[in-house]
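Here is the file query11.cif (mmCIF, C-alpha atoms and all ligand atoms).
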data_run
#
loop_
_atom_site.label_atom_id
_atom_site.label_comp_id
_atom_site.auth_asym_id
_atom_site.auth_seq_id
_atom_site.Cartn_x
_atom_site.Cartn_y
_atom_site.Cartn_z
CA MET A 1 -5.01 63.01 151.25
CA GLU A 2 -3.59 60.35 148.99
CA LEU A 3 -6.06 61.19 146.19
CA ALA A 4 -5.62 64.96 146.63
CA LEU A 5 -1.85 64.67 146.31
CA TYR A 6 -1.14 61.67 144.09
CA GLU A 7 -4.20 60.62 142.02
CA PRO A 8 -2.85 60.31 138.43
CA ALA A 9 -3.48 63.50 136.40
CA LEU A 10 -5.46 65.09 139.24
CA GLY A 11 -3.33 65.06 142.38
CA TYR A 12 -1.37 68.09 143.45
CA TYR A 13 2.05 66.46 142.98
CA VAL A 14 1.21 64.85 139.64
CA ALA A 15 -0.35 67.84 137.88
CA ALA A 16 1.67 70.17 135.66
CA LYS A 17 1.40 73.37 137.71
CA PRO A 18 4.47 74.92 139.36
CA LYS A 19 4.72 74.12 143.05
CA PHE A 20 8.03 75.26 144.33
CA GLY A 21 9.65 78.63 144.68
CA ALA A 22 8.39 82.17 144.27
CA ALA A 23 5.83 81.27 141.56
CA GLY A 24 4.52 78.21 143.40
CA ASP A 25 2.83 77.51 146.69
CA PHE A 26 5.70 77.08 149.13
CA VAL A 27 9.48 77.37 149.37
CA THR A 28 11.55 74.53 150.78
CA ALA A 29 15.07 74.95 152.17
CA PRO A 30 16.82 73.83 148.93
CA GLU A 31 14.62 76.25 146.96
CA LEU A 32 15.80 79.25 148.97
CA GLY A 33 19.27 79.04 147.46
CA SER A 34 22.38 76.91 147.70
CA LEU A 35 23.30 77.45 151.36
CA PHE A 36 21.30 74.51 152.73
CA GLY A 37 22.67 72.10 150.13
CA ARG A 38 26.27 73.28 150.41
CA THR A 39 26.12 72.85 154.18
CA LEU A 40 24.46 69.42 153.99
CA ALA A 41 27.12 68.39 151.45
CA ARG A 42 29.74 68.65 154.21
CA GLN A 43 27.90 66.02 156.24
CA ILE A 44 27.39 63.73 153.26
CA GLU A 45 31.00 64.01 152.08
CA ALA A 46 32.16 62.99 155.55
CA LEU A 47 30.15 59.76 155.24
CA ARG A 48 31.11 58.77 151.70
CA GLY A 49 29.09 56.27 149.67
CA PRO A 50 26.29 56.71 147.15
CA VAL A 51 23.37 59.06 147.80
CA LEU A 52 19.69 58.14 147.46
CA GLU A 53 17.30 61.08 147.59
CA PHE A 54 13.59 60.55 148.10
CA GLY A 55 11.09 63.02 146.62
CA ALA A 56 13.54 65.41 144.97
CA GLY A 57 10.92 68.04 144.00
CA SER A 58 12.35 70.42 141.42
CA GLY A 59 15.80 68.81 141.76
CA ALA A 60 17.21 71.86 143.57
CA LEU A 61 18.93 69.96 146.39
CA ALA A 62 20.42 67.38 144.01
CA ALA A 63 21.73 70.18 141.77
CA THR A 64 23.47 71.89 144.69
CA LEU A 65 24.90 68.69 146.16
CA LEU A 66 26.22 67.64 142.75
CA SER A 67 27.82 71.06 142.29
CA GLN A 68 29.83 70.40 145.47
CA HIS A 69 30.93 66.84 144.90
CA ASP A 70 30.73 64.15 142.24
CA PHE A 71 28.30 62.00 144.23
CA ASP A 72 26.94 58.74 142.87
CA TYR A 73 23.37 60.10 143.00
CA ARG A 74 20.07 58.25 142.83
CA ILE A 75 16.57 59.63 143.09
CA LEU A 76 13.32 57.87 143.93
CA GLU A 77 10.41 60.14 143.03
CA ILE A 78 6.77 59.15 143.26
CA SER A 79 5.50 61.84 140.85
CA PRO A 80 6.22 61.19 137.14
CA GLN A 81 5.80 64.92 136.43
CA LEU A 82 8.37 65.91 139.01
CA GLN A 83 10.71 63.14 137.88
CA ALA A 84 10.60 64.56 134.33
CA ARG A 85 11.39 68.01 135.72
CA GLN A 86 14.33 66.61 137.71
CA GLN A 87 15.63 64.79 134.63
CA ALA A 88 15.48 67.99 132.56
CA ARG A 89 17.49 69.79 135.23
CA LEU A 90 20.03 67.15 136.19
CA GLY A 91 20.49 65.14 132.97
CA ASP A 92 22.87 62.23 133.37
CA ARG A 93 24.29 63.44 136.67
CA ALA A 94 21.72 61.32 138.53
CA GLN A 95 19.92 58.02 138.05
CA TRP A 96 16.21 57.54 138.69
CA LEU A 97 14.95 54.39 140.38
CA GLU A 98 11.56 52.84 139.68
CA ARG A 99 11.28 51.23 143.09
CA LEU A 100 13.04 50.84 146.39
CA PRO A 101 16.25 48.79 145.89
CA GLU A 102 16.50 45.47 147.72
CA ARG A 103 19.69 46.59 149.43
CA ILE A 104 20.76 50.14 150.20
CA ARG A 105 24.21 51.38 151.22
CA GLY A 106 25.33 54.95 151.68
CA VAL A 107 23.37 58.09 152.47
CA VAL A 108 19.60 58.44 152.15
CA ILE A 109 17.98 61.89 152.23
CA ALA A 110 14.32 62.86 152.52
CA ASN A 111 13.78 66.61 152.77
CA GLU A 112 10.15 67.61 153.26
CA VAL A 113 8.97 64.24 151.94
CA VAL A 114 7.44 62.65 155.04
CA ASP A 115 5.11 65.63 155.61
CA ALA A 116 3.67 64.87 152.15
CA MET A 117 2.86 61.23 153.00
CA PRO A 118 -0.85 60.59 153.57
CA VAL A 119 -1.88 60.39 157.22
CA HIS A 120 -4.92 58.97 158.98
CA ALA A 121 -7.08 61.57 160.69
CA VAL A 122 -8.20 60.46 164.12
CA ALA A 123 -10.65 61.86 166.70
CA TRP A 124 -10.72 60.91 170.34
CA ARG A 125 -14.36 61.33 171.42
CA GLU A 126 -16.11 60.76 174.74
CA ASP A 127 -17.46 57.48 173.37
CA GLY A 128 -14.31 56.16 171.71
CA ILE A 129 -11.62 56.61 169.09
CA MET A 130 -12.88 57.44 165.61
CA GLU A 131 -11.24 57.44 162.19
CA ARG A 132 -12.10 60.65 160.36
CA GLY A 133 -12.87 60.38 156.66
CA VAL A 134 -14.28 62.38 153.80
CA SER A 135 -17.89 62.28 152.65
CA LEU A 136 -19.99 64.17 150.11
CA SER A 137 -22.18 66.89 151.51
CA GLY A 138 -24.30 68.63 148.90
CA ASP A 139 -21.80 69.77 146.27
CA GLY A 140 -18.91 69.82 148.68
CA LEU A 141 -16.81 67.60 150.88
CA ALA A 142 -17.23 67.17 154.63
CA TRP A 143 -15.75 65.18 157.47
CA SER A 144 -17.45 62.04 158.71
CA GLU A 145 -16.40 59.53 161.33
CA ARG A 146 -16.45 55.80 161.95
CA PRO A 147 -14.98 53.78 164.79
CA ALA A 148 -11.22 53.32 164.36
CA ALA A 149 -10.09 49.70 163.88
CA GLY A 150 -7.00 47.56 163.34
CA GLU A 151 -3.52 49.09 163.40
CA LEU A 152 -4.95 52.62 163.53
CA LEU A 153 -6.88 51.86 166.70
CA ASP A 154 -3.86 50.10 168.25
CA GLU A 155 -1.63 53.10 167.57
CA ALA A 156 -4.24 55.63 168.68
CA GLN A 157 -4.73 53.78 171.98
CA LYS A 158 -1.03 54.15 172.76
CA LEU A 159 -1.31 57.95 172.75
CA GLU A 160 -2.17 59.71 175.96
CA VAL A 161 -4.69 62.29 174.88
CA VAL A 162 -7.82 63.55 176.58
CA ALA A 163 -11.07 63.62 174.54
CA PRO A 164 -12.22 65.66 172.73
CA TYR A 165 -9.05 65.72 170.64
CA GLU A 166 -8.25 65.52 166.93
CA SER A 167 -4.93 64.72 165.33
CA GLU A 168 -3.17 62.60 162.75
CA ILE A 169 -1.34 59.29 162.77
CA GLY A 170 1.17 58.61 160.02
CA LEU A 171 0.89 54.89 159.35
CA VAL A 172 2.25 55.28 155.80
CA ALA A 173 5.38 57.06 157.03
CA ARG A 174 6.02 54.34 159.63
CA ALA A 175 5.63 51.57 157.05
CA TRP A 176 7.98 53.46 154.73
CA MET A 177 10.59 53.74 157.46
CA ARG A 178 10.28 50.04 158.42
CA GLU A 179 10.72 49.09 154.77
CA LEU A 180 13.81 51.27 154.42
CA ALA A 181 15.25 50.01 157.68
CA ALA A 182 14.99 46.43 156.45
CA ARG A 183 16.91 47.34 153.29
CA LEU A 184 19.59 49.67 154.65
CA GLU A 185 22.60 47.37 154.99
CA GLN A 186 25.03 50.11 155.94
CA GLY A 187 24.67 53.84 156.03
CA VAL A 188 22.61 56.75 157.30
CA MET A 189 19.20 58.07 156.51
CA PHE A 190 18.48 61.76 157.15
CA VAL A 191 14.85 62.79 157.50
CA ILE A 192 14.51 66.57 157.45
CA ASP A 193 11.08 68.00 158.02
CA TYR A 194 8.81 70.04 160.25
CA GLY A 195 7.47 68.22 163.26
CA PHE A 196 7.96 67.29 166.87
CA PRO A 197 8.72 64.43 169.20
CA ARG A 198 5.56 62.62 170.34
CA ARG A 199 5.12 64.49 173.61
CA GLU A 200 4.91 67.83 171.81
CA TYR A 201 3.02 66.48 168.80
CA TYR A 202 0.11 65.19 170.85
CA HIS A 203 0.21 68.09 173.28
CA PRO A 204 -3.14 69.13 174.80
CA GLN A 205 -2.83 72.51 173.05
CA ARG A 206 -2.54 70.90 169.62
CA GLY A 207 -6.03 69.37 169.82
CA ALA A 208 -7.02 70.34 166.27
CA GLY A 209 -4.15 68.41 164.68
CA THR A 210 -1.56 69.60 162.18
CA LEU A 211 -3.21 69.11 158.76
CA MET A 212 -2.38 72.17 156.69
CA CYS A 213 -2.78 73.40 153.12
CA HIS A 214 -0.26 75.58 151.33
CA HIS A 215 -1.53 77.74 148.51
CA ARG A 216 0.50 80.58 146.97
CA HIS A 217 2.57 81.05 150.12
CA ARG A 218 -0.46 81.14 152.39
CA ALA A 219 -1.04 78.33 154.90
CA HIS A 220 -4.59 77.47 155.95
CA ALA A 221 -6.42 74.56 157.56
CA ASP A 222 -9.49 74.25 155.29
CA VAL A 223 -8.49 70.93 153.75
CA PHE A 224 -11.59 70.78 151.50
CA ALA A 225 -11.06 74.21 149.93
CA HIS A 226 -9.10 73.23 146.78
CA PRO A 227 -8.36 69.49 146.81
CA GLY A 228 -5.73 68.61 144.21
CA GLU A 229 -4.86 72.24 143.63
CA GLU A 230 -2.89 72.92 146.74
CA ASP A 231 -0.38 71.18 148.92
CA LEU A 232 -1.75 69.24 151.87
CA THR A 233 0.60 68.23 154.66
CA ALA A 234 0.82 67.05 158.25
CA HIS A 235 3.65 67.60 160.69
CA VAL A 236 5.94 64.65 161.35
CA ASP A 237 5.83 62.61 164.58
CA PHE A 238 9.58 62.02 164.86
CA THR A 239 9.17 59.61 167.76
CA ALA A 240 7.05 57.34 165.53
CA LEU A 241 9.65 57.46 162.74
CA ALA A 242 12.52 56.75 165.13
CA SER A 243 10.64 53.78 166.68
CA ALA A 244 9.85 52.37 163.25
CA ALA A 245 13.56 52.59 162.37
CA VAL A 246 14.54 50.86 165.60
CA GLU A 247 11.93 48.12 165.00
CA GLY A 248 13.62 47.61 161.64
CA GLY A 249 17.00 47.13 163.33
CA LEU A 250 18.50 50.61 162.84
CA ASP A 251 20.03 52.85 165.50
CA VAL A 252 19.01 56.44 166.14
CA LEU A 253 22.19 58.38 165.32
CA GLY A 254 20.99 61.89 166.07
CA TYR A 255 18.02 64.21 166.31
CA THR A 256 18.15 67.97 166.51
CA THR A 257 16.77 71.20 165.10
CA GLN A 258 17.62 72.25 161.56
CA ALA A 259 19.44 75.31 162.93
CA GLN A 260 21.64 73.24 165.26
CA PHE A 261 22.34 70.68 162.54
CA LEU A 262 23.39 73.31 160.00
CA VAL A 263 25.56 75.12 162.53
CA ASN A 264 27.24 71.81 163.45
CA CYS A 265 27.85 71.08 159.77
CA GLY A 266 29.55 74.47 159.37
CA ILE A 267 27.00 76.84 157.82
CA THR A 268 28.95 79.81 159.16
CA GLU A 269 32.08 78.62 157.33
CA VAL A 270 30.06 78.19 154.15
CA LEU A 271 28.77 81.75 154.60
CA GLY A 272 32.32 82.89 155.32
CA GLU A 273 33.43 81.64 151.91
CA ALA A 274 31.30 84.41 150.38
CA ASN A 275 32.72 87.87 150.01
CA ALA A 276 30.98 89.90 152.73
CA GLU A 277 32.17 93.14 151.18
CA ASN A 278 30.18 92.54 148.03
CA ALA A 279 26.76 93.45 149.45
CA LEU A 280 24.91 92.49 146.27
CA HIS A 281 26.20 88.98 146.58
CA TYR A 282 26.24 88.70 150.36
CA ALA A 283 22.83 90.18 151.29
CA PRO A 284 20.75 87.37 149.72
CA LEU A 285 23.00 84.76 151.38
CA ALA A 286 22.58 86.41 154.77
CA ALA A 287 18.80 86.50 154.25
CA GLU A 288 18.86 82.82 153.34
CA ALA A 289 20.84 81.95 156.46
CA GLN A 290 18.35 83.91 158.54
CA LYS A 291 15.43 81.91 157.08
CA LEU A 292 17.17 78.58 157.61
CA LEU A 293 18.35 79.31 161.15
CA SER A 294 15.92 81.70 162.81
CA PRO A 295 13.66 80.11 165.46
CA ALA A 296 10.82 82.21 164.04
CA GLU A 297 11.32 80.70 160.56
CA MET A 298 12.66 77.20 159.81
CA GLY A 299 15.35 76.93 162.48
CA GLU A 300 13.33 75.37 165.33
CA LEU A 301 10.24 73.85 163.75
CA PHE A 302 12.29 71.87 161.23
CA LYS A 303 14.20 68.91 162.65
CA VAL A 304 16.80 66.50 161.38
CA LEU A 305 16.56 62.82 162.36
CA ALA A 306 19.40 60.45 161.46
CA VAL A 307 19.00 56.69 161.69
CA GLY A 308 21.29 54.02 160.33
CA ARG A 309 23.64 51.14 160.89
CA GLY A 310 27.35 50.43 160.70
CA VAL A 311 28.36 54.09 160.84
CA GLU A 312 31.21 55.74 162.70
CA LEU A 313 29.89 58.17 165.33
CA PRO A 314 29.40 60.96 166.12
CA LEU A 315 27.92 62.40 162.97
CA LYS A 316 29.08 65.93 162.19
CA GLY A 317 25.56 67.36 162.28
CA PHE A 318 24.93 66.25 165.87
CA VAL A 319 28.24 66.97 167.62
CA SER A 320 26.51 69.60 169.71
CA GLY A 321 22.90 69.89 170.90
CA ASP A 322 21.74 66.37 170.06
CA ARG A 323 18.17 65.97 171.37
CA ALA A 324 17.70 62.27 170.61
CA HIS A 325 16.79 61.74 174.28
CA THR A 326 13.57 63.75 173.73
CA LEU A 327 12.21 61.28 171.17
C1 LIG B 401 7.21 69.00 149.54
S1 LIG B 401 7.99 68.21 148.20
C2 LIG B 401 9.69 68.39 148.66
C3 LIG B 401 10.62 68.38 147.49
C4 LIG B 401 12.12 68.51 147.78
N1 LIG B 401 12.62 67.43 148.60
C5 LIG B 401 12.44 69.84 148.41
O1 LIG B 401 12.87 69.87 149.55
O2 LIG B 401 12.26 70.86 147.75
C6 LIG B 401 7.65 66.49 148.45
C7 LIG B 401 8.26 65.57 147.41
O3 LIG B 401 8.20 64.21 147.84
C8 LIG B 401 7.65 63.39 146.80
N2 LIG B 401 7.12 62.19 147.47
C9 LIG B 401 6.09 62.10 148.34
N3 LIG B 401 5.96 60.85 148.82
C10 LIG B 401 6.98 60.14 148.28
C11 LIG B 401 7.40 58.77 148.40
N4 LIG B 401 6.75 57.90 149.16
N5 LIG B 401 8.51 58.39 147.70
C12 LIG B 401 9.17 59.25 146.92
N6 LIG B 401 8.80 60.55 146.76
C13 LIG B 401 7.73 60.98 147.42
C14 LIG B 401 6.71 64.36 146.09
O4 LIG B 401 6.32 63.95 144.83
C15 LIG B 401 7.60 65.62 146.06
O5 LIG B 401 8.61 65.54 145.08
#

Could you take the file, read its structure, and then write that structure out as structure tokens?
Ligand SMILES: C[S@@+](CC[C@H](N)C(=O)[O-])C[C@H]1O[C@@H](n2cnc3c(N)ncnc32)[C@H](O)[C@@H]1O
Amino acid sequence: MELALYEPALGYYVAAKPKFGAAGDFVTAPELGSLFGRTLARQIEALRGPVLEFGAGSGALAATLLSQHDFDYRILEISPQLQARQQARLGDRAQWLERLPERIRGVVIANEVVDAMPVHAVAWREDGIMERGVSLSGDGLAWSERPAAGELLDEAQKLEVVAPYESEIGLVARAWMRELAARLEQGVMFVIDYGFPRREYYHPQRGAGTLMCHHRHRAHADVFAHPGEEDLTAHVDFTALASAAVEGGLDVLGYTTQAQFLVNCGITEVLGEANAENALHYAPLAAEAQKLLSPAEMGELFKVLAVGRGVELPLKGFVSGDRAHTL
């Protein structure tokens, strides 16, 4: 997964091809339009402090946030190609960091970044827990297995699943969160992504895991079909991320669905600012709201997790319908 996404010159996120929006492979919330960003801006403004965005993609979210408020805006982007694209779009309105700062204060945002972090594929078999890897088979790629060991085995043993069962464990995402937690002196980190709390993630009915490819707006599970040419993702285990944050000394400040979060932040007021009588202007906004909020689209599957320290509570986005107790 790491090679398919990030291998210099070859990986999906470091090649030149378009990825986002109508001409690409998938559409993220900030790519739909400005509604998501304008609503999120209300939460960020309430917190004050500089903003650090991870994995800013085409720069769409940063552009919207900066159109709402003169934020002190930093971006940490792993893909040099995407960083260049963000720089062309945002110019001197943001600063790009080469590495994680020693100390972080303010607001950290990661929208659809954790699902793009490489995961370990794991199989629970009758005779033990296996790590699933990739081997050559003729001209193509195929799965092969070896006994899981070390941290992967420790983490896999903590999960209550009944063999045969296949899924993913995001060790990279946990390490990333622990690292951030150690450096966040004061502030909040928002992780927005598709995923579930542990109980739902490792549900008996999800026994084939969540690895998924996205190619020209079609999702499929054949991970060896076009390695490097299509997006490859796994859903996020929000319980694992929250525990990693707590291990690093942070508090869980809120966890809820994207729909609930946006409603709490005032998406209906943001919509209300538009002139509903001008159908040409209003119809696309209403369609965008529907995509962001509908349980059949992004509203339920996408979640928002906030962790942090030294912050006045409650956070706007979680005033109603906080589900942190389900983590
Ligand atoms: C699916 S895209 C989402 C882009 C954007 N946030 C959006 O919502 O449209 C994932 C982004 O995260 C970046 N990325 C993945 N892992 C990262 C990491 N560890 N640190 C920083 N950026 C990362 C990718 O290069 C890409 O820009």

Neighbourhood of ligand LIG 401 (chain B) at 9 Å, counting all atoms listed in the file, reported as a short mmCIF file (atom, residue, chain, number, x, y, z; two decimals) with C-alpha atoms, keeping the file's coordinate frame:
data_model
loop_
_atom_site.label_atom_id
_atom_site.label_comp_id
_atom_site.auth_asym_id
_atom_site.auth_seq_id
_atom_site.Cartn_x
_atom_site.Cartn_y
_atom_site.Cartn_z
CA LEU A 5 -1.85 64.67 146.31
CA TYR A 6 -1.14 61.67 144.09
CA TYR A 12 -1.37 68.09 143.45
CA TYR A 13 2.05 66.46 142.98
CA VAL A 14 1.21 64.85 139.64
CA LYS A 19 4.72 74.12 143.05
CA PHE A 20 8.03 75.26 144.33
CA GLY A 21 9.65 78.63 144.68
CA PHE A 26 5.70 77.08 149.13
CA VAL A 27 9.48 77.37 149.37
CA THR A 28 11.55 74.53 150.78
CA ALA A 29 15.07 74.95 152.17
CA PRO A 30 16.82 73.83 148.93
CA GLU A 31 14.62 76.25 146.96
CA GLU A 53 17.30 61.08 147.59
CA PHE A 54 13.59 60.55 148.10
CA GLY A 55 11.09 63.02 146.62
CA ALA A 56 13.54 65.41 144.97
CA GLY A 57 10.92 68.04 144.00
CA SER A 58 12.35 70.42 141.42
CA GLY A 59 15.80 68.81 141.76
CA ALA A 60 17.21 71.86 143.57
CA LEU A 61 18.93 69.96 146.39
CA ILE A 75 16.57 59.63 143.09
CA LEU A 76 13.32 57.87 143.93
CA GLU A 77 10.41 60.14 143.03
CA ILE A 78 6.77 59.15 143.26
CA SER A 79 5.50 61.84 140.85
CA PRO A 80 6.22 61.19 137.14
CA GLN A 81 5.80 64.92 136.43
CA LEU A 82 8.37 65.91 139.01
CA GLN A 83 10.71 63.14 137.88
CA ARG A 99 11.28 51.23 143.09
CA LEU A 100 13.04 50.84 146.39
CA ILE A 109 17.98 61.89 152.23
CA ALA A 110 14.32 62.86 152.52
CA ASN A 111 13.78 66.61 152.77
CA GLU A 112 10.15 67.61 153.26
CA VAL A 113 8.97 64.24 151.94
CA VAL A 114 7.44 62.65 155.04
CA ASP A 115 5.11 65.63 155.61
CA ALA A 116 3.67 64.87 152.15
CA MET A 117 2.86 61.23 153.00
CA PRO A 118 -0.85 60.59 153.57
CA VAL A 172 2.25 55.28 155.80
CA ALA A 173 5.38 57.06 157.03
CA TRP A 176 7.98 53.46 154.73
CA ILE A 192 14.51 66.57 157.45
CA ASP A 193 11.08 68.00 158.02
CA ASP A 231 -0.38 71.18 148.92
CA THR A 233 0.60 68.23 154.66
#

Exercise. Nearest to Arg323 (chain A) among A:Gly254, A:Gly91, A:Gly248, A:Gly308, with distances taken over all atoms listed in the file: which residue is it?
Worked result: A:Gly254

For this session: Quick one: everything within 6 Å of region 198-215 of chain A, counting all atoms listed in the file, minus sequence neighbours fewer than 6 positions away in the same chain. Send it as an MDAnalysis selection string.
Result: chainID A and resid 25 165:167 221 230:235 237 239

For this session: Measure the distance from CA of Gln86 (chain A) to CA of Glu45 (chain A) in Å and round it to one decimal.
Result: 22.2 Å

Residues near region 124-130 of chain A, anyone? I mean within 12 Å using all atoms listed in the file, not counting same-chain ones fewer than 5 positions away, as an mmCIF file with C-alpha atoms, keeping the file's coordinate frame.
data_model
loop_
_atom_site.group_PDB
_atom_site.id
_atom_site.type_symbol
_atom_site.label_atom_id
_atom_site.label_comp_id
_atom_site.auth_asym_id
_atom_site.auth_seq_id
_atom_site.Cartn_x
_atom_site.Cartn_y
_atom_site.Cartn_z
ATOM 1 C CA TRP A 143 -15.750 65.180 157.470
ATOM 2 C CA SER A 144 -17.450 62.040 158.710
ATOM 3 C CA GLU A 145 -16.400 59.530 161.330
ATOM 4 C CA ARG A 146 -16.450 55.800 161.950
ATOM 5 C CA PRO A 147 -14.980 53.780 164.790
ATOM 6 C CA ALA A 148 -11.220 53.320 164.360
ATOM 7 C CA ALA A 149 -10.090 49.700 163.880
ATOM 8 C CA GLY A 150 -7.000 47.560 163.340
ATOM 9 C CA LEU A 152 -4.950 52.620 163.530
ATOM 10 C CA LEU A 153 -6.880 51.860 166.700
ATOM 11 C CA ASP A 154 -3.860 50.100 168.250
ATOM 12 C CA GLU A 155 -1.630 53.100 167.570
ATOM 13 C CA ALA A 156 -4.240 55.630 168.680
ATOM 14 C CA GLN A 157 -4.730 53.780 171.980
ATOM 15 C CA LYS A 158 -1.030 54.150 172.760
ATOM 16 C CA LEU A 159 -1.310 57.950 172.750
ATOM 17 C CA GLU A 160 -2.170 59.710 175.960
ATOM 18 C CA VAL A 161 -4.690 62.290 174.880
ATOM 19 C CA VAL A 162 -7.820 63.550 176.580
ATOM 20 C CA ALA A 163 -11.070 63.620 174.540
ATOM 21 C CA PRO A 164 -12.220 65.660 172.730
ATOM 22 C CA TYR A 165 -9.050 65.720 170.640
ATOM 23 C CA GLU A 166 -8.250 65.520 166.930
ATOM 24 C CA SER A 167 -4.930 64.720 165.330
ATOM 25 C CA GLU A 168 -3.170 62.600 162.750
ATOM 26 C CA TYR A 202 0.110 65.190 170.850
ATOM 27 C CA GLY A 207 -6.030 69.370 169.820
ATOM 28 C CA ALA A 208 -7.020 70.340 166.270
ATOM 29 C CA GLY A 209 -4.150 68.410 164.680
#

Exercise. Between A:Leu250, A:Val191, A:Phe238, A:Leu184, which has the minimum distance to Gly170 (chain A) (counting all atoms listed in the file)?
Worked result: A:Phe238

For this session: Identify, on the basis of only C-alpha atoms, every residue whose closest approach to Gly37 (chain A) does not exceed 9 Å; exclude the query and any residue fewer than 3 positions from it along the same chain; express the result as a count of residues only.
Result: 14

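Pairwise distance (CA of Val108 (chain A), CA of Leu47 (chain A)) equals 11.1 Å.
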
Exercise. Using only C-alpha atoms, can you list as a PyMOL selection string the residues within 8 Å of (21.3, 57.7, 137.6)?
Worked result: chain A and resi 72-75+92-97

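Considering the residues A:Ala175, A:Ala259, A:Ala84, A:Leu313 and counting all atoms listed in the file, Ala242 (chain A) has its shortest atom-to-atom contact with A:Ala175.
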
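Of the residues listed (A:His217, A:His281, A:Lys316, A:Arg48), A:Lys316 shows the shortest atom-to-atom separation from Cys265 (chain A); distances use only C-alpha atoms.
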
Problem set entry | Closest of A:Ile104, A:Leu327, A:Met1, A:Leu305 to Ala181 (chain A) - atom-to-atom distances counting only C-alpha atoms |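 Ranked by minimum distance to Ala181 (chain A), first place goes to A:Ile104.
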
Exercise. So how far away is CA of Gln43 (chain A) from CA of Leu262 (chain A), in Å?
Worked result: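 These atoms are spaced 9.4 Å apart.
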
Problem set entry | Proximity to Ala324 (chain A) - best of A:Leu253, A:Ala182, A:Leu301, A:Leu293, only C-alpha atoms |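 Closest residue, counting only C-alpha atoms: A:Leu253.
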
Could you write region 323-327 of chain A of the block just shown to a file containing all heavy atoms, as a tab-separated table (two decimals), in the first residue's frame?
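Generated file (part.tsv):
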chain	number	residue	atom	x	y	z
A	323	ARG	N	-20.89	11.22	20.27
A	323	ARG	CA	-20.91	9.77	20.45
A	323	ARG	C	-19.57	9.25	20.98
A	323	ARG	O	-19.22	8.08	20.72
A	323	ARG	CB	-21.15	9.08	19.11
A	323	ARG	CG	-22.49	9.40	18.47
A	323	ARG	CD	-22.65	8.43	17.30
A	323	ARG	NE	-23.75	8.83	16.45
A	323	ARG	CZ	-24.01	8.26	15.26
A	323	ARG	NH1	-23.23	7.29	14.82
A	323	ARG	NH2	-25.03	8.66	14.55
A	324	ALA	N	-18.83	10.09	21.68
A	324	ALA	CA	-17.51	9.68	22.16
A	324	ALA	C	-17.60	8.41	23.02
A	324	ALA	O	-16.64	7.62	23.05
A	324	ALA	CB	-16.85	10.81	22.92
A	325	HIS	N	-18.75	8.21	23.68
A	325	HIS	CA	-18.89	7.01	24.52
A	325	HIS	C	-18.90	5.72	23.71
A	325	HIS	O	-18.73	4.64	24.27
A	325	HIS	CB	-20.17	7.11	25.35
A	325	HIS	CG	-21.41	7.20	24.49
A	325	HIS	ND1	-21.84	8.39	23.94
A	325	HIS	CD2	-22.26	6.24	24.07
A	325	HIS	CE1	-22.93	8.14	23.20
A	325	HIS	NE2	-23.20	6.86	23.28
A	326	THR	N	-19.07	5.80	22.39
A	326	THR	CA	-19.09	4.56	21.57
A	326	THR	C	-17.69	4.14	21.15
A	326	THR	O	-17.53	3.09	20.52
A	326	THR	CB	-19.95	4.74	20.28
A	326	THR	OG1	-19.31	5.74	19.45
A	326	THR	CG2	-21.37	5.18	20.61
A	327	LEU	N	-16.70	4.97	21.42
A	327	LEU	CA	-15.33	4.65	20.97
A	327	LEU	C	-14.72	3.51	21.77
A	327	LEU	O	-14.99	3.37	22.94
A	327	LEU	CB	-14.43	5.89	21.08
A	327	LEU	CG	-14.69	6.96	20.02
A	327	LEU	CD1	-13.93	8.23	20.37
A	327	LEU	CD2	-14.29	6.48	18.63
